[in-house]
Amino acid sequence: MIETEQLSRRYGKLTAVDALSIRVEPGQVLGLLGPNGAGKSTAMRMIAGFLVPTSGTARVCGHDVGREPLLAKRLLGYLPEGAPSYGEMTVREFLQFIVRMRGLKPEVAYRRFDEVVQRLELEEVLELGIDTLSKGLRRRVGLAQAIVHDPPVLVLDEPTDGLDPNQKHAVRQLIDAMARERTILISTHLLEEVHALCNRVVIIARGRLLADATPAELERRSRYHGAVSFSASGSGMSQEMLGRLPQVAAIEVDALDGRITVFPKPGERILEAVEMLLRKQGIEVAEIQLERGRLDEVFRQITTEGGDVDAMAEVRT
Amino acid sequence: MNPVSAVMRRELRSYFVTPVAYLFLVIFLVLSGILTFYAGDFYERGQADLQPFFVMHPWLYLILVPAITMRMWAEEAKSGTLELLLTLPLTLWQAMLGKFLAAWLFIALALVLTFPLWVTVNYLGAPDNGVILVGYLGSWLMAGTFIAIGACMSALTRSQVVAFILTALVCVLLILAGQPQVMDFFHGTLPRQLVNAAAHLSMLRHFQAIARGVLDLRDVLYFLLSMMGWLIAGVLLLDLKRTR
């Protein structure tokens, strides 16, 4: 379990993390989401015991990181931002060093070492210097380092950064497999990752907690939640008709590909109505889709606090 | 395994992976040899001892020890491995001690490798090997103090160059503190007690006593306490960095 209470960190006048209180339970994978510079890494560094909070506390499995650092650190696997490791060592030497530092008993150490190497597919690079590895491999070495002692709590700062899609998938599977009894906190700026991995999302910006919800809840906040989009030929006519439906709030046409998106009024379901209308009009629809909601839009909306959200959304979509 | 020895072993290995260790050993051995024979008048003195050899050590350490210690913490801070190291289950003290011991053992190796000189002087005459042994011990203690200073300076900055310069600067001040020329200069301007107190901090004074074969507890304590003091300062600096 990870708990933070009013965790704050200031660098001079800048407040990097501002009274952050979160609680992650075993079985949860919490995604810490936020724009660059939001304070994700600073918060994680305090939880891992690298930085001392300006005020507030962080606890790992009930151990105050400031008062009982060794107990907390033993229970924690931590992947720092950028997955730093000793470049002049080989992968084997590095992992052996971590195993020694973790104080694993020899019989456990050998088993865990083999397990981790196999899981992260590091067999072929064991004897290579870490400096010579690709970014993706280095990230995997960093992950191996974080999980080698089989910790109940994992804090991973951007675990899939720099990986190709296949490797990302493998790492997500790995995290997913470990998630059952463990407490996992990951930071990311990839929204797809939230879908793939997290059962809870915390969004922070300028050090403040702005949202704490499940991915599905966040999607429901989106303007697109429950919207219906389709592409059809000769749709000028249908637009007008659709606008007259009582459940419909707005209609947008994509200037590039002519795709039409119909937005429902709050709480209304419009898929059936739209489909029926289109059929009645004899309009041939190539493909129709019910939108779940767009996380990126919700993310922007939350982190920019109003502002030019709509304008920015237009640019992206 | 104990985290101190794990850190120490990792550190020692890292010396030998990069050319630093070999470079250091070659330069140390060559320079200590040359200086002993040419600058130290090894033959002309007509005495079978290693005085001319030990006399050169403070000056050799002045250049070479900062080169060993400058990367100790500065490099970890720069490359981000500091975050990795300090989130592993060990105290700052254990980390500092492991790194310090690695460097100190490395210097011990360098000193051991000067054995041909000892063989030579035993071949040429009948030196007092007890005095020589004490001389080696004194040299090693002094090196430890240099290393502790270097460890502290390396904890102060992310820049290895800055760490090198600061270490060399502090070391040269501590070497020169007790020299008559320096003492005379300050006698005119500073209170007598202060100058005398500063002279007692001089590394050269304590080292020369030991190097002559006089193993006084006070000299040994001076080195041990200095090491501890600088290492404590280094740990405090590292801790301060975590809060700032």
# chains A, B, ... in the order shown; residues from 1 in each chain; ligands from 1
call {"tool": "select_by_dssp", "arguments": {"residues": "range 60-148 of chain A", "states": "strand (DSSP E or B)", "output": "short mmCIF file (atom, residue, chain, number, x, y, z; two decimals) with C-alpha atoms, in the first residue's frame"}}
result
data_model
loop_
_atom_site.label_atom_id
_atom_site.label_comp_id
_atom_site.auth_asym_id
_atom_site.auth_seq_id
_atom_site.Cartn_x
_atom_site.Cartn_y
_atom_site.Cartn_z
CA VAL A 60 4.90 2.45 2.04
CA HIS A 63 6.23 2.62 7.04
CA ASP A 64 6.89 6.33 7.00
CA LEU A 76 9.56 -0.98 -2.70
CA GLY A 77 10.69 -1.57 -6.25
CA TYR A 78 11.49 1.70 -7.93
CA LEU A 79 12.22 2.61 -11.52
CA THR A 90 27.38 -5.49 -17.87
CA GLY A 129 27.86 -3.36 -21.24
#
call {"tool": "residues_around", "arguments": {"residues": "Phe186 in chain B", "least_positions_apart": "5", "cutoff": "12 Å", "atoms": "only C-alpha atoms", "output": "mmCIF file with N, CA and C atoms, in the first residue's frame"}}
result
data_model
loop_
_atom_site.group_PDB
_atom_site.id
_atom_site.type_symbol
_atom_site.label_atom_id
_atom_site.label_comp_id
_atom_site.auth_asym_id
_atom_site.auth_seq_id
_atom_site.Cartn_x
_atom_site.Cartn_y
_atom_site.Cartn_z
ATOM 1 N N ALA B 177 49.831 24.189 5.563
ATOM 2 C CA ALA B 177 49.467 24.921 6.786
ATOM 3 C C ALA B 177 50.626 25.028 7.776
ATOM 4 N N GLY B 178 51.422 23.984 7.891
ATOM 5 C CA GLY B 178 52.449 24.011 8.919
ATOM 6 C C GLY B 178 53.836 24.392 8.423
ATOM 7 N N GLN B 179 53.962 24.714 7.134
ATOM 8 C CA GLN B 179 55.278 25.038 6.593
ATOM 9 C C GLN B 179 55.776 26.362 7.183
ATOM 10 N N PRO B 180 57.084 26.433 7.490
ATOM 11 C CA PRO B 180 57.632 27.645 8.117
ATOM 12 C C PRO B 180 57.336 28.914 7.316
ATOM 13 N N GLN B 181 57.443 28.821 5.981
ATOM 14 C CA GLN B 181 57.219 30.021 5.171
ATOM 15 C C GLN B 181 55.813 30.553 5.381
ATOM 16 N N PRO B 191 46.666 36.346 15.143
ATOM 17 C CA PRO B 191 47.087 36.027 16.513
ATOM 18 C C PRO B 191 47.927 34.753 16.543
ATOM 19 N N ARG B 192 48.887 34.749 17.441
ATOM 20 C CA ARG B 192 49.836 33.640 17.543
ATOM 21 C C ARG B 192 49.126 32.291 17.746
ATOM 22 N N GLN B 193 48.127 32.286 18.654
ATOM 23 C CA GLN B 193 47.451 31.023 18.967
ATOM 24 C C GLN B 193 46.785 30.424 17.726
ATOM 25 N N LEU B 194 46.172 31.302 16.973
ATOM 26 C CA LEU B 194 45.453 30.851 15.784
ATOM 27 C C LEU B 194 46.416 30.201 14.794
ATOM 28 N N VAL B 195 47.545 30.858 14.591
ATOM 29 C CA VAL B 195 48.527 30.333 13.645
ATOM 30 C C VAL B 195 49.065 28.996 14.141
ATOM 31 N N ASN B 196 49.315 28.916 15.434
ATOM 32 C CA ASN B 196 49.817 27.656 15.988
ATOM 33 C C ASN B 196 48.777 26.545 15.865
ATOM 34 N N ALA B 198 46.473 26.367 13.626
ATOM 35 C CA ALA B 198 46.413 25.994 12.210
ATOM 36 C C ALA B 198 47.568 25.065 11.864
ATOM 37 N N ALA B 199 48.724 25.341 12.464
ATOM 38 C CA ALA B 199 49.896 24.511 12.184
ATOM 39 C C ALA B 199 49.662 23.069 12.621
#
call {"tool": "residues_around", "arguments": {"residues": "Leu122 in chain A", "least_positions_apart": "2", "cutoff": "12 Å", "atoms": "only C-alpha atoms", "output": "list in words"}}
result
Thr90, Val91, Arg92, Leu95, Phe113, Asp114, Glu115, Val116, Val117, Gln118, Arg119, Leu120, Glu124, Val125, Leu126, Glu127, Leu128, Ile130, Leu133, Gly136, Leu137, Arg138, Arg139, Arg140, Val141, Gly142, Leu143, Ala144 and Gln145 of chain A
call {"tool": "closest_residue", "arguments": {"among": "A:Met89, A:Cys198, A:Ala232, A:Cys61", "to": "chain B", "atoms": "only C-alpha atoms"}}
result
A:Met89
call {"tool": "residues_around", "arguments": {"residues": "Arg182 in chain A", "least_positions_apart": "3", "cutoff": "10 Å", "atoms": "only C-alpha atoms", "output": "list in words"}}
result
Met1, Val24, Glu25, Pro26, Gly27, Gln28, Val29, Asp150, Pro151, Pro152, Val153, Leu154, Ile175, Ala177, Met178, Ala179 and Leu185 of chain A
call {"tool": "write_last_selection", "arguments": {"atoms": "C-alpha atoms", "output": "PDB file, in the first residue's frame"}}
result
ATOM      1  CA  MET A   1       0.000   0.000   0.000  1.00  0.00           C
ATOM      2  CA  VAL A  24      -3.112   3.102  -3.518  1.00  0.00           C
ATOM      3  CA  GLU A  25      -4.315  -0.296  -2.318  1.00  0.00           C
ATOM      4  CA  PRO A  26      -2.998  -3.743  -3.188  1.00  0.00           C
ATOM      5  CA  GLY A  27      -4.467  -4.919  -6.480  1.00  0.00           C
ATOM      6  CA  GLN A  28      -4.625  -1.412  -7.827  1.00  0.00           C
ATOM      7  CA  VAL A  29      -2.603  -0.035 -10.691  1.00  0.00           C
ATOM      8  CA  ASP A 150       9.669  -9.332  -5.844  1.00  0.00           C
ATOM      9  CA  PRO A 151       8.440  -6.275  -3.928  1.00  0.00           C
ATOM     10  CA  PRO A 152       4.830  -5.829  -2.790  1.00  0.00           C
ATOM     11  CA  VAL A 153       4.903  -2.188  -3.912  1.00  0.00           C
ATOM     12  CA  LEU A 154       6.124  -0.895  -7.251  1.00  0.00           C
ATOM     13  CA  ILE A 175       2.838  -5.229 -15.051  1.00  0.00           C
ATOM     14  CA  ALA A 177       0.608 -10.106 -14.349  1.00  0.00           C
ATOM     15  CA  MET A 178       2.170  -8.589 -11.264  1.00  0.00           C
ATOM     16  CA  ALA A 179      -0.799  -6.391 -10.481  1.00  0.00           C
ATOM     17  CA  LEU A 185       2.009   3.296  -9.090  1.00  0.00           C
TER      18      LEU A 185
END
call {"tool": "residues_around", "arguments": {"residues": "Phe100 in chain B", "least_positions_apart": "6", "cutoff": "8 Å", "atoms": "only C-alpha atoms", "output": "VMD selection string"}}
result
chain B and resid 8 147 to 148 151
call {"tool": "closest_atom_pairs", "arguments": {"of": "chain A", "to": "chain B", "cutoff": "10 Å", "atoms": "only C-alpha atoms", "output": "Markdown table"}}
result
| residue | atom | partner | partner_atom | distance |
| --- | --- | --- | --- | --- |
| A:Arg9 | CA | B:Thr243 | CA | 9.0 |
| A:Arg10 | CA | B:Arg244 | CA | 8.3 |
| A:Tyr11 | CA | B:Arg244 | CA | 6.7 |
| A:Gly12 | CA | B:Arg244 | CA | 8.1 |
| A:Arg45 | CA | B:Glu83 | CA | 8.2 |
| A:Met46 | CA | B:Arg242 | CA | 9.5 |
| A:Ile47 | CA | B:Thr87 | CA | 9.7 |
| A:Ala48 | CA | B:Thr87 | CA | 6.0 |
| A:Gly49 | CA | B:Thr87 | CA | 6.0 |
| A:Phe50 | CA | B:Thr87 | CA | 5.8 |
| A:Leu51 | CA | B:Arg242 | CA | 4.7 |
| A:Val52 | CA | B:Thr243 | CA | 5.0 |
| A:Pro53 | CA | B:Thr243 | CA | 7.0 |
| A:Thr54 | CA | B:Thr243 | CA | 7.2 |
| A:Pro69 | CA | B:Pro89 | CA | 7.7 |
| A:Leu70 | CA | B:Pro89 | CA | 5.1 |
| A:Leu71 | CA | B:Pro89 | CA | 7.7 |
| A:Ala72 | CA | B:Pro89 | CA | 8.2 |
| A:Lys73 | CA | B:Pro89 | CA | 5.2 |
| A:Arg74 | CA | B:Pro89 | CA | 5.6 |
| A:Leu75 | CA | B:Pro89 | CA | 9.1 |
| A:Leu76 | CA | B:Thr87 | CA | 8.7 |
| A:Gly77 | CA | B:Leu88 | CA | 8.7 |
| A:Tyr78 | CA | B:Thr87 | CA | 7.4 |
| A:Leu79 | CA | B:Leu84 | CA | 7.8 |
| A:Pro80 | CA | B:Leu84 | CA | 6.7 |
| A:Glu81 | CA | B:Gly80 | CA | 8.7 |
| A:Gly82 | CA | B:Gly80 | CA | 8.3 |
| A:Ala83 | CA | B:Gly80 | CA | 8.5 |
| A:Pro84 | CA | B:Thr81 | CA | 5.3 |
| A:Ser85 | CA | B:Thr81 | CA | 5.7 |
| A:Tyr86 | CA | B:Thr81 | CA | 6.7 |
| A:Gly87 | CA | B:Ser79 | CA | 9.2 |
| A:Glu88 | CA | B:Val17 | CA | 6.9 |
| A:Met89 | CA | B:Ser14 | CA | 7.5 |
| A:Glu93 | CA | B:Arg10 | CA | 8.7 |
| A:Phe94 | CA | B:Arg10 | CA | 8.7 |
| A:Gln96 | CA | B:Ala6 | CA | 9.6 |
| A:Phe97 | CA | B:Ala6 | CA | 6.7 |
| A:Ile98 | CA | B:Leu88 | CA | 8.2 |
| A:Val99 | CA | B:Met1 | CA | 9.1 |
| A:Arg100 | CA | B:Met1 | CA | 5.6 |
| A:Met101 | CA | B:Pro3 | CA | 5.2 |
| A:Arg102 | CA | B:Pro89 | CA | 6.7 |
| A:Gly103 | CA | B:Met1 | CA | 5.7 |
| A:Leu104 | CA | B:Met1 | CA | 8.0 |
| A:Lys105 | CA | B:Met1 | CA | 8.5 |
| A:Pro106 | CA | B:Met1 | CA | 9.4 |
| A:Gly142 | CA | B:Leu84 | CA | 9.5 |
| A:Gln145 | CA | B:Leu84 | CA | 9.6 |
| A:Ala146 | CA | B:Leu84 | CA | 9.6 |
call {"tool": "residues_around", "arguments": {"residues": "Phe53 in chain B", "least_positions_apart": "2", "cutoff": "9 Å", "atoms": "only C-alpha atoms", "output": "list in words"}}
result
Ser32, Gly33, Leu35, Thr36, Phe37, Gly40, Phe42, Asp49, Leu50, Gln51, Val55, Met56, His57 and Leu117 of chain B
call {"tool": "write_last_selection", "arguments": {"atoms": "C-alpha atoms", "output": "tab-separated table (two decimals), in the first residue's frame"}}
result
chain	number	residue	atom	x	y	z
B	32	SER	CA	57.19	7.77	-7.18
B	33	GLY	CA	60.16	5.93	-8.67
B	35	LEU	CA	61.05	11.37	-7.82
B	36	THR	CA	62.71	9.08	-5.30
B	37	PHE	CA	65.82	8.61	-7.41
B	40	GLY	CA	65.02	12.61	-3.52
B	42	PHE	CA	68.12	8.19	-3.09
B	49	ASP	CA	65.91	3.90	4.01
B	50	LEU	CA	62.84	5.04	2.08
B	51	GLN	CA	62.70	8.63	3.37
B	55	VAL	CA	58.61	12.60	1.32
B	56	MET	CA	57.18	12.75	-2.19
B	57	HIS	CA	53.88	11.13	-1.29
B	117	LEU	CA	61.73	-0.07	-4.03
call {"tool": "residues_around", "arguments": {"residues": "Glu11 in chain B", "least_positions_apart": "6", "cutoff": "8 Å", "atoms": "only C-alpha atoms", "output": "list in words"}}
result
Gly98, Lys99 and Ala102 of chain B
